[in-house]
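Everything below belongs to target12.txt, which stores compact mmCIF, N, CA and C atoms.
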# COMPACT_ATOMS: atom_id res chain seq x y z
N MET T 292 -3.59 115.51 21.86
CA MET T 292 -3.66 116.30 23.06
C MET T 292 -3.14 117.72 22.80
N LYS T 293 -2.12 117.84 21.94
CA LYS T 293 -1.58 119.16 21.63
C LYS T 293 -2.64 120.04 20.96
N LYS T 294 -3.45 119.43 20.08
CA LYS T 294 -4.51 120.18 19.41
C LYS T 294 -5.52 120.70 20.41
N LEU T 295 -5.86 119.87 21.39
CA LEU T 295 -6.82 120.27 22.41
C LEU T 295 -6.27 121.42 23.25
N ILE T 296 -5.02 121.33 23.65
CA ILE T 296 -4.41 122.40 24.44
C ILE T 296 -4.36 123.70 23.64
N SER T 297 -3.97 123.59 22.38
CA SER T 297 -3.95 124.76 21.50
C SER T 297 -5.35 125.35 21.36
N GLN T 298 -6.32 124.48 21.22
CA GLN T 298 -7.70 124.93 21.06
C GLN T 298 -8.20 125.62 22.33
N VAL T 299 -7.87 125.08 23.48
CA VAL T 299 -8.28 125.70 24.75
C VAL T 299 -7.65 127.09 24.89
N ILE T 300 -6.40 127.22 24.50
CA ILE T 300 -5.73 128.52 24.56
C ILE T 300 -6.41 129.52 23.63
N LYS T 301 -6.71 129.10 22.41
CA LYS T 301 -7.41 129.98 21.47
C LYS T 301 -8.80 130.34 21.97
N PHE T 302 -9.50 129.35 22.53
CA PHE T 302 -10.81 129.59 23.10
C PHE T 302 -10.71 130.62 24.23
N GLY T 303 -9.67 130.50 25.03
CA GLY T 303 -9.44 131.46 26.11
C GLY T 303 -9.21 132.87 25.59
N ALA T 304 -8.42 132.99 24.52
CA ALA T 304 -8.16 134.31 23.94
C ALA T 304 -9.44 134.93 23.39
N VAL T 305 -10.23 134.13 22.68
CA VAL T 305 -11.51 134.61 22.16
C VAL T 305 -12.43 134.95 23.33
N GLY T 306 -12.38 134.13 24.36
CA GLY T 306 -13.20 134.38 25.55
C GLY T 306 -12.85 135.68 26.24
N VAL T 307 -11.56 136.00 26.29
CA VAL T 307 -11.14 137.27 26.89
C VAL T 307 -11.70 138.44 26.09
N LEU T 308 -11.62 138.37 24.78
CA LEU T 308 -12.17 139.42 23.93
C LEU T 308 -13.69 139.55 24.15
N ALA T 309 -14.39 138.44 24.12
CA ALA T 309 -15.84 138.46 24.32
C ALA T 309 -16.19 138.97 25.72
N PHE T 310 -15.38 138.59 26.71
CA PHE T 310 -15.60 139.07 28.08
C PHE T 310 -15.44 140.59 28.16
N LEU T 311 -14.40 141.11 27.52
CA LEU T 311 -14.19 142.56 27.54
C LEU T 311 -15.36 143.30 26.91
N VAL T 312 -15.88 142.76 25.82
CA VAL T 312 -17.06 143.35 25.19
C VAL T 312 -18.25 143.26 26.15
N ASP T 313 -18.48 142.09 26.69
CA ASP T 313 -19.60 141.84 27.62
C ASP T 313 -19.49 142.77 28.84
N TYR T 314 -18.35 142.79 29.48
CA TYR T 314 -18.11 143.57 30.69
C TYR T 314 -18.24 145.07 30.40
N GLY T 315 -17.67 145.49 29.28
CA GLY T 315 -17.72 146.91 28.91
C GLY T 315 -19.14 147.39 28.63
N VAL T 316 -19.89 146.62 27.85
CA VAL T 316 -21.27 146.99 27.53
C VAL T 316 -22.12 146.98 28.80
N LEU T 317 -21.93 145.98 29.66
CA LEU T 317 -22.65 145.92 30.93
C LEU T 317 -22.39 147.18 31.75
N TYR T 318 -21.14 147.56 31.88
CA TYR T 318 -20.77 148.73 32.68
C TYR T 318 -21.36 150.01 32.10
N VAL T 319 -21.20 150.20 30.81
CA VAL T 319 -21.70 151.42 30.17
C VAL T 319 -23.22 151.52 30.29
N LEU T 320 -23.91 150.43 29.99
CA LEU T 320 -25.38 150.46 30.07
C LEU T 320 -25.86 150.72 31.49
N THR T 321 -25.23 150.06 32.47
CA THR T 321 -25.69 150.18 33.85
C THR T 321 -25.29 151.52 34.46
N GLU T 322 -24.06 151.91 34.30
CA GLU T 322 -23.55 153.12 34.97
C GLU T 322 -23.89 154.41 34.24
N PHE T 323 -23.85 154.40 32.93
CA PHE T 323 -24.06 155.64 32.18
C PHE T 323 -25.46 155.77 31.60
N ALA T 324 -26.04 154.66 31.16
CA ALA T 324 -27.39 154.71 30.59
C ALA T 324 -28.46 154.39 31.64
N HIS T 325 -28.01 153.99 32.85
CA HIS T 325 -28.91 153.71 33.98
C HIS T 325 -29.94 152.62 33.66
N VAL T 326 -29.49 151.60 32.93
CA VAL T 326 -30.32 150.45 32.61
C VAL T 326 -30.20 149.48 33.79
N TYR T 327 -31.30 148.84 34.19
CA TYR T 327 -31.31 147.85 35.27
C TYR T 327 -30.25 146.79 34.99
N TYR T 328 -29.50 146.40 36.02
CA TYR T 328 -28.33 145.54 35.82
C TYR T 328 -28.67 144.21 35.15
N LEU T 329 -29.81 143.60 35.44
CA LEU T 329 -30.14 142.32 34.79
C LEU T 329 -30.44 142.51 33.31
N LEU T 330 -31.09 143.61 32.95
CA LEU T 330 -31.33 143.90 31.54
C LEU T 330 -30.00 144.22 30.85
N SER T 331 -29.16 145.01 31.51
CA SER T 331 -27.83 145.30 30.96
C SER T 331 -27.03 144.03 30.75
N ALA T 332 -27.11 143.11 31.71
CA ALA T 332 -26.37 141.84 31.61
C ALA T 332 -26.86 141.02 30.42
N GLY T 333 -28.16 141.02 30.18
CA GLY T 333 -28.70 140.29 29.03
C GLY T 333 -28.27 140.90 27.71
N ILE T 334 -28.34 142.22 27.63
CA ILE T 334 -27.93 142.92 26.39
C ILE T 334 -26.45 142.73 26.13
N SER T 335 -25.64 142.92 27.17
CA SER T 335 -24.19 142.80 26.98
C SER T 335 -23.80 141.37 26.61
N PHE T 336 -24.49 140.41 27.19
CA PHE T 336 -24.24 139.00 26.87
C PHE T 336 -24.57 138.73 25.40
N ALA T 337 -25.69 139.26 24.93
CA ALA T 337 -26.10 139.05 23.53
C ALA T 337 -25.07 139.64 22.56
N VAL T 338 -24.59 140.83 22.85
CA VAL T 338 -23.57 141.46 22.00
C VAL T 338 -22.30 140.61 21.99
N SER T 339 -21.92 140.12 23.15
CA SER T 339 -20.69 139.32 23.22
C SER T 339 -20.85 137.97 22.52
N VAL T 340 -22.07 137.44 22.46
CA VAL T 340 -22.31 136.17 21.75
C VAL T 340 -21.98 136.32 20.27
N VAL T 341 -22.38 137.42 19.68
CA VAL T 341 -22.10 137.65 18.26
C VAL T 341 -20.59 137.73 18.04
N VAL T 342 -19.89 138.49 18.88
CA VAL T 342 -18.43 138.59 18.78
C VAL T 342 -17.81 137.21 18.96
N ASN T 343 -18.29 136.49 19.96
CA ASN T 343 -17.76 135.16 20.26
C ASN T 343 -17.99 134.20 19.10
N TYR T 344 -19.18 134.23 18.50
CA TYR T 344 -19.47 133.35 17.36
C TYR T 344 -18.50 133.62 16.22
N LEU T 345 -18.39 134.88 15.85
CA LEU T 345 -17.54 135.23 14.71
C LEU T 345 -16.09 134.79 14.94
N CYS T 346 -15.57 135.03 16.13
CA CYS T 346 -14.18 134.67 16.43
C CYS T 346 -14.00 133.17 16.66
N SER T 347 -14.94 132.55 17.37
CA SER T 347 -14.81 131.12 17.66
C SER T 347 -14.85 130.27 16.40
N MET T 348 -15.77 130.58 15.51
CA MET T 348 -15.91 129.77 14.32
C MET T 348 -14.81 130.08 13.29
N ARG T 349 -14.14 131.19 13.47
CA ARG T 349 -13.02 131.52 12.58
C ARG T 349 -11.70 130.98 13.09
N PHE T 350 -11.48 131.06 14.41
CA PHE T 350 -10.16 130.77 14.96
C PHE T 350 -10.09 129.55 15.89
N VAL T 351 -11.21 129.08 16.42
CA VAL T 351 -11.14 128.03 17.44
C VAL T 351 -11.67 126.69 16.94
N PHE T 352 -12.89 126.66 16.45
CA PHE T 352 -13.53 125.41 16.07
C PHE T 352 -13.53 125.25 14.55
N VAL T 353 -13.44 124.01 14.11
CA VAL T 353 -13.48 123.70 12.69
C VAL T 353 -14.93 123.44 12.31
N ARG T 354 -15.39 124.16 11.29
CA ARG T 354 -16.78 124.02 10.83
C ARG T 354 -17.08 122.61 10.38
N ARG T 355 -18.29 122.21 10.65
CA ARG T 355 -18.79 120.93 10.15
C ARG T 355 -19.37 121.17 8.76
N GLU T 356 -18.94 120.35 7.79
CA GLU T 356 -19.45 120.50 6.42
C GLU T 356 -20.91 120.10 6.30
N ASP T 357 -21.38 119.27 7.24
CA ASP T 357 -22.77 118.81 7.19
C ASP T 357 -23.75 119.79 7.82
N MET T 358 -23.27 120.97 8.16
CA MET T 358 -24.12 121.95 8.81
C MET T 358 -23.92 123.31 8.14
N GLY T 359 -25.00 123.89 7.63
CA GLY T 359 -24.93 125.20 7.01
C GLY T 359 -24.70 126.29 8.05
N ARG T 360 -24.28 127.45 7.58
CA ARG T 360 -23.99 128.57 8.49
C ARG T 360 -25.21 129.00 9.29
N ALA T 361 -26.38 129.02 8.66
CA ALA T 361 -27.59 129.44 9.38
C ALA T 361 -27.89 128.46 10.52
N ARG T 362 -27.80 127.18 10.24
CA ARG T 362 -28.05 126.17 11.27
C ARG T 362 -26.96 126.24 12.35
N GLU T 363 -25.74 126.42 11.93
CA GLU T 363 -24.61 126.53 12.85
C GLU T 363 -24.82 127.72 13.80
N PHE T 364 -25.18 128.87 13.23
CA PHE T 364 -25.40 130.06 14.06
C PHE T 364 -26.59 129.86 14.98
N THR T 365 -27.65 129.23 14.48
CA THR T 365 -28.83 128.97 15.31
C THR T 365 -28.46 128.08 16.50
N LEU T 366 -27.71 127.01 16.24
CA LEU T 366 -27.28 126.13 17.32
C LEU T 366 -26.36 126.88 18.29
N PHE T 367 -25.46 127.68 17.76
CA PHE T 367 -24.56 128.49 18.58
C PHE T 367 -25.37 129.40 19.49
N VAL T 368 -26.39 130.04 18.94
CA VAL T 368 -27.24 130.94 19.72
C VAL T 368 -28.02 130.15 20.78
N LEU T 369 -28.57 128.99 20.42
CA LEU T 369 -29.30 128.19 21.40
C LEU T 369 -28.40 127.76 22.56
N LEU T 370 -27.20 127.33 22.24
CA LEU T 370 -26.26 126.98 23.30
C LEU T 370 -25.92 128.21 24.14
N SER T 371 -25.82 129.36 23.48
CA SER T 371 -25.53 130.60 24.19
C SER T 371 -26.70 131.05 25.06
N VAL T 372 -27.92 130.78 24.62
CA VAL T 372 -29.10 131.12 25.42
C VAL T 372 -29.06 130.33 26.74
N ALA T 373 -28.67 129.07 26.66
CA ALA T 373 -28.51 128.29 27.89
C ALA T 373 -27.45 128.95 28.78
N GLY T 374 -26.37 129.42 28.16
CA GLY T 374 -25.35 130.15 28.91
C GLY T 374 -25.87 131.46 29.47
N LEU T 375 -26.72 132.14 28.70
CA LEU T 375 -27.32 133.39 29.17
C LEU T 375 -28.20 133.13 30.39
N LEU T 376 -29.00 132.07 30.34
CA LEU T 376 -29.85 131.75 31.49
C LEU T 376 -28.99 131.46 32.72
N LEU T 377 -27.94 130.72 32.53
CA LEU T 377 -27.01 130.44 33.62
C LEU T 377 -26.40 131.74 34.13
N ASN T 378 -25.99 132.61 33.22
CA ASN T 378 -25.42 133.91 33.57
C ASN T 378 -26.41 134.75 34.39
N GLU T 379 -27.66 134.81 33.94
CA GLU T 379 -28.67 135.63 34.62
C GLU T 379 -28.97 135.08 36.02
N VAL T 380 -29.07 133.77 36.15
CA VAL T 380 -29.33 133.17 37.46
C VAL T 380 -28.17 133.47 38.41
N LEU T 381 -26.96 133.31 37.93
CA LEU T 381 -25.79 133.59 38.78
C LEU T 381 -25.72 135.07 39.14
N MET T 382 -26.03 135.95 38.20
CA MET T 382 -26.04 137.39 38.49
C MET T 382 -27.08 137.71 39.57
N TRP T 383 -28.28 137.17 39.40
CA TRP T 383 -29.36 137.43 40.35
C TRP T 383 -29.02 136.89 41.75
N LEU T 384 -28.51 135.66 41.80
CA LEU T 384 -28.13 135.08 43.09
C LEU T 384 -27.03 135.89 43.77
N GLY T 385 -26.01 136.25 42.99
CA GLY T 385 -24.89 136.99 43.56
C GLY T 385 -25.24 138.38 44.03
N VAL T 386 -26.07 139.08 43.25
CA VAL T 386 -26.41 140.47 43.57
C VAL T 386 -27.55 140.54 44.58
N ASP T 387 -28.67 139.89 44.27
CA ASP T 387 -29.86 140.03 45.11
C ASP T 387 -29.85 139.14 46.36
N TRP T 388 -29.20 138.01 46.31
CA TRP T 388 -29.19 137.13 47.47
C TRP T 388 -27.93 137.30 48.32
N LEU T 389 -26.78 137.39 47.66
CA LEU T 389 -25.52 137.50 48.40
C LEU T 389 -25.08 138.95 48.60
N HIS T 390 -25.77 139.88 47.93
CA HIS T 390 -25.50 141.32 48.06
C HIS T 390 -24.06 141.70 47.68
N LEU T 391 -23.57 141.04 46.62
CA LEU T 391 -22.26 141.36 46.07
C LEU T 391 -22.42 142.37 44.95
N HIS T 392 -21.37 143.10 44.64
CA HIS T 392 -21.40 144.08 43.55
C HIS T 392 -21.57 143.34 42.22
N TYR T 393 -22.42 143.87 41.35
CA TYR T 393 -22.74 143.19 40.09
C TYR T 393 -21.52 142.95 39.22
N MET T 394 -20.53 143.83 39.26
CA MET T 394 -19.34 143.66 38.43
C MET T 394 -18.48 142.50 38.95
N LEU T 395 -18.46 142.29 40.24
CA LEU T 395 -17.73 141.17 40.82
C LEU T 395 -18.42 139.84 40.48
N VAL T 396 -19.73 139.83 40.61
CA VAL T 396 -20.50 138.63 40.28
C VAL T 396 -20.32 138.27 38.81
N LYS T 397 -20.25 139.29 37.96
CA LYS T 397 -20.10 139.06 36.51
C LYS T 397 -18.83 138.27 36.20
N ILE T 398 -17.76 138.52 36.93
CA ILE T 398 -16.51 137.79 36.70
C ILE T 398 -16.71 136.30 36.99
N PHE T 399 -17.33 135.99 38.13
CA PHE T 399 -17.59 134.60 38.49
C PHE T 399 -18.54 133.95 37.47
N ALA T 400 -19.63 134.64 37.14
CA ALA T 400 -20.62 134.10 36.20
C ALA T 400 -19.97 133.81 34.85
N THR T 401 -19.10 134.70 34.42
CA THR T 401 -18.42 134.51 33.14
C THR T 401 -17.55 133.26 33.15
N ALA T 402 -16.85 133.01 34.23
CA ALA T 402 -16.00 131.82 34.32
C ALA T 402 -16.84 130.54 34.22
N VAL T 403 -17.97 130.51 34.91
CA VAL T 403 -18.84 129.33 34.87
C VAL T 403 -19.41 129.13 33.47
N VAL T 404 -19.89 130.21 32.87
CA VAL T 404 -20.50 130.13 31.54
C VAL T 404 -19.45 129.77 30.49
N MET T 405 -18.21 130.20 30.68
CA MET T 405 -17.15 129.88 29.73
C MET T 405 -16.93 128.36 29.66
N VAL T 406 -16.96 127.70 30.79
CA VAL T 406 -16.81 126.24 30.81
C VAL T 406 -17.97 125.60 30.04
N TRP T 407 -19.19 126.04 30.31
CA TRP T 407 -20.37 125.54 29.58
C TRP T 407 -20.19 125.75 28.08
N ASN T 408 -19.78 126.95 27.70
CA ASN T 408 -19.64 127.28 26.28
C ASN T 408 -18.64 126.36 25.58
N PHE T 409 -17.49 126.14 26.18
CA PHE T 409 -16.48 125.32 25.52
C PHE T 409 -16.98 123.89 25.35
N ILE T 410 -17.49 123.32 26.42
CA ILE T 410 -17.93 121.93 26.37
C ILE T 410 -19.08 121.75 25.38
N SER T 411 -20.08 122.62 25.45
CA SER T 411 -21.25 122.47 24.57
C SER T 411 -20.89 122.70 23.11
N ARG T 412 -20.06 123.67 22.83
CA ARG T 412 -19.68 123.94 21.44
C ARG T 412 -18.80 122.84 20.88
N LYS T 413 -17.94 122.32 21.70
CA LYS T 413 -17.07 121.23 21.27
C LYS T 413 -17.91 119.99 20.93
N LEU T 414 -18.92 119.72 21.75
CA LEU T 414 -19.75 118.54 21.53
C LEU T 414 -20.68 118.68 20.32
N TRP T 415 -21.27 119.85 20.11
CA TRP T 415 -22.33 119.98 19.11
C TRP T 415 -21.97 120.77 17.86
N LEU T 416 -20.91 121.53 17.88
CA LEU T 416 -20.61 122.36 16.71
C LEU T 416 -19.36 121.95 15.95
N GLU T 417 -18.46 121.26 16.60
CA GLU T 417 -17.17 121.04 15.97
C GLU T 417 -17.15 119.79 15.09
N LYS T 418 -16.46 119.93 13.96
CA LYS T 418 -16.23 118.81 13.04
C LYS T 418 -15.36 117.77 13.74
N ARG T 419 -15.65 116.50 13.50
CA ARG T 419 -14.87 115.39 14.05
C ARG T 419 -14.08 114.72 12.94
N ASP T 420 -13.01 114.04 13.32
CA ASP T 420 -12.25 113.32 12.31
C ASP T 420 -13.04 112.09 11.84
N ALA T 421 -12.48 111.35 10.94
CA ALA T 421 -13.19 110.22 10.31
C ALA T 421 -13.62 109.15 11.33
N GLU T 422 -12.86 109.00 12.41
CA GLU T 422 -13.19 108.01 13.41
C GLU T 422 -14.18 108.55 14.44
N GLY T 423 -14.52 109.84 14.35
CA GLY T 423 -15.46 110.43 15.29
C GLY T 423 -14.83 110.85 16.60
N GLY T 424 -13.50 110.87 16.64
CA GLY T 424 -12.81 111.19 17.89
C GLY T 424 -12.38 112.64 17.98
N GLU T 425 -11.10 112.86 17.79
CA GLU T 425 -10.52 114.20 17.95
C GLU T 425 -11.04 115.16 16.90
N PRO T 426 -11.05 116.45 17.22
CA PRO T 426 -11.42 117.45 16.22
C PRO T 426 -10.47 117.38 15.04
N ALA T 427 -10.98 117.72 13.89
CA ALA T 427 -10.17 117.61 12.67
C ALA T 427 -9.07 118.65 12.59
N GLY T 428 -9.19 119.74 13.26
CA GLY T 428 -8.22 120.81 13.25
C GLY T 428 -8.76 121.98 14.03
N THR T 429 -8.02 123.08 14.06
CA THR T 429 -8.49 124.20 14.88
C THR T 429 -8.46 125.55 14.17
N GLY T 430 -8.26 125.59 12.88
CA GLY T 430 -8.43 126.84 12.14
C GLY T 430 -7.20 127.70 11.97
N TRP T 431 -6.24 127.69 12.91
CA TRP T 431 -5.05 128.54 12.79
C TRP T 431 -3.85 127.75 12.31
N GLU T 432 -4.06 126.49 12.01
CA GLU T 432 -2.93 125.63 11.65
C GLU T 432 -2.49 125.88 10.24
What would you get if you wrote out this structure as structure tokens?
Amino acid sequence: MKKLISQVIKFGAVGVLAFLVDYGVLYVLTEFAHVYYLLSAGISFAVSVVVNYLCSMRFVFVRREDMGRAREFTLFVLLSVAGLLLNEVLMWLGVDWLHLHYMLVKIFATAVVMVWNFISRKLWLEKRDAEGGEPAGTGWE
């Protein structure tokens, strides 16, 4: 249980970094480059996925030896695309249907997608111990 709590904390720290990248790129593209908010949200999300992958696989999750880096990154991206779709739907609903400010909606969407990201990555990307139960470690140990 201690490993899981430690892992959740590390995931949260990486998530904060990825969120700052995502939020910052969204703001700059929308406010300064005048890019449509949904396109900005997609671009900013994609940039943050790369940051998140690099940090998550280094500091949060233990690599599976049975999966090469290219396959691992492809799976990470596919799981992230599902998160991106969820993000875009939530952004659209919040802005166009509920008439909330896009930056406020982004905070809510990020929280929902973060839960998806942790659960999906833990299930499909993380190495398991010999019994198939707990993760083998978390990278900072």
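In this model, the gap between atom CA of Leu389 of chain T and atom N of Ala402 of chain T comes to 17.2 Å.
In this model, the gap between atom CA of Leu295 of chain T and atom CA of Ser335 of chain T comes to 28.8 Å.
One finds atom C of Val368 of chain T at 19.4 Å from atom CA of Tyr314 of chain T.
Residue nearest Glu356 of chain T within the list T:Ile410, T:Leu416, T:Ile334, T:Val341: T:Leu416 [criterion: smallest interatomic distance, only C-alpha atoms].
With all atoms listed in the file taken into account, the protein and nucleic acid residues at most 8 Å from Thr321 of chain T (excluding it and anything under 5 positions from it in its own chain) are Gly315, Val316, Val326, Tyr327, Tyr328, Leu329, Leu330, Ser331 and Ala332 of chain T.
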>> For the structure I just gave you, how does DSSP split segment 298-428 of chain T - specifically, which residues are alpha helix (DSSP H)? Reply as a ChimeraX atom specification.
In response: /T:298-318,328-346,360-383,393-415
For a quick check of your reading of the model, name the residues lying within 8 Å of the coordinate (-17.3, 123.4, 14.4), counting all atoms listed in the file, and write them as a short mmCIF file (atom, residue, chain, number, x, y, z; two decimals) with N, CA and C atoms, in the coordinates of the input.
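Dumped to out.cif:
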data_model
loop_
_atom_site.label_atom_id
_atom_site.label_comp_id
_atom_site.auth_asym_id
_atom_site.auth_seq_id
_atom_site.Cartn_x
_atom_site.Cartn_y
_atom_site.Cartn_z
N SER T 347 -14.94 132.55 17.37
CA SER T 347 -14.81 131.12 17.66
C SER T 347 -14.85 130.27 16.40
N MET T 348 -15.77 130.58 15.51
CA MET T 348 -15.91 129.77 14.32
C MET T 348 -14.81 130.08 13.29
N VAL T 351 -11.21 129.08 16.42
CA VAL T 351 -11.14 128.03 17.44
C VAL T 351 -11.67 126.69 16.94
N PHE T 352 -12.89 126.66 16.45
CA PHE T 352 -13.53 125.41 16.07
C PHE T 352 -13.53 125.25 14.55
N VAL T 353 -13.44 124.01 14.11
CA VAL T 353 -13.48 123.70 12.69
C VAL T 353 -14.93 123.44 12.31
N ARG T 354 -15.39 124.16 11.29
CA ARG T 354 -16.78 124.02 10.83
C ARG T 354 -17.08 122.61 10.38
N ARG T 355 -18.29 122.21 10.65
CA ARG T 355 -18.79 120.93 10.15
C ARG T 355 -19.37 121.17 8.76
N GLU T 356 -18.94 120.35 7.79
CA GLU T 356 -19.45 120.50 6.42
C GLU T 356 -20.91 120.10 6.30
N ARG T 412 -20.06 123.67 22.83
CA ARG T 412 -19.68 123.94 21.44
C ARG T 412 -18.80 122.84 20.88
N LYS T 413 -17.94 122.32 21.70
CA LYS T 413 -17.07 121.23 21.27
C LYS T 413 -17.91 119.99 20.93
N TRP T 415 -21.27 119.85 20.11
CA TRP T 415 -22.33 119.98 19.11
C TRP T 415 -21.97 120.77 17.86
N LEU T 416 -20.91 121.53 17.88
CA LEU T 416 -20.61 122.36 16.71
C LEU T 416 -19.36 121.95 15.95
N GLU T 417 -18.46 121.26 16.60
CA GLU T 417 -17.17 121.04 15.97
C GLU T 417 -17.15 119.79 15.09
N LYS T 418 -16.46 119.93 13.96
CA LYS T 418 -16.23 118.81 13.04
C LYS T 418 -15.36 117.77 13.74
N ARG T 419 -15.65 116.50 13.50
CA ARG T 419 -14.87 115.39 14.05
C ARG T 419 -14.08 114.72 12.94
#
> Which is closest to Gly333 of chain T among T:Ile296, T:Ala304, T:Met358, T:Leu375, if we use only N, CA and C atoms?
Replying inline: T:Leu375
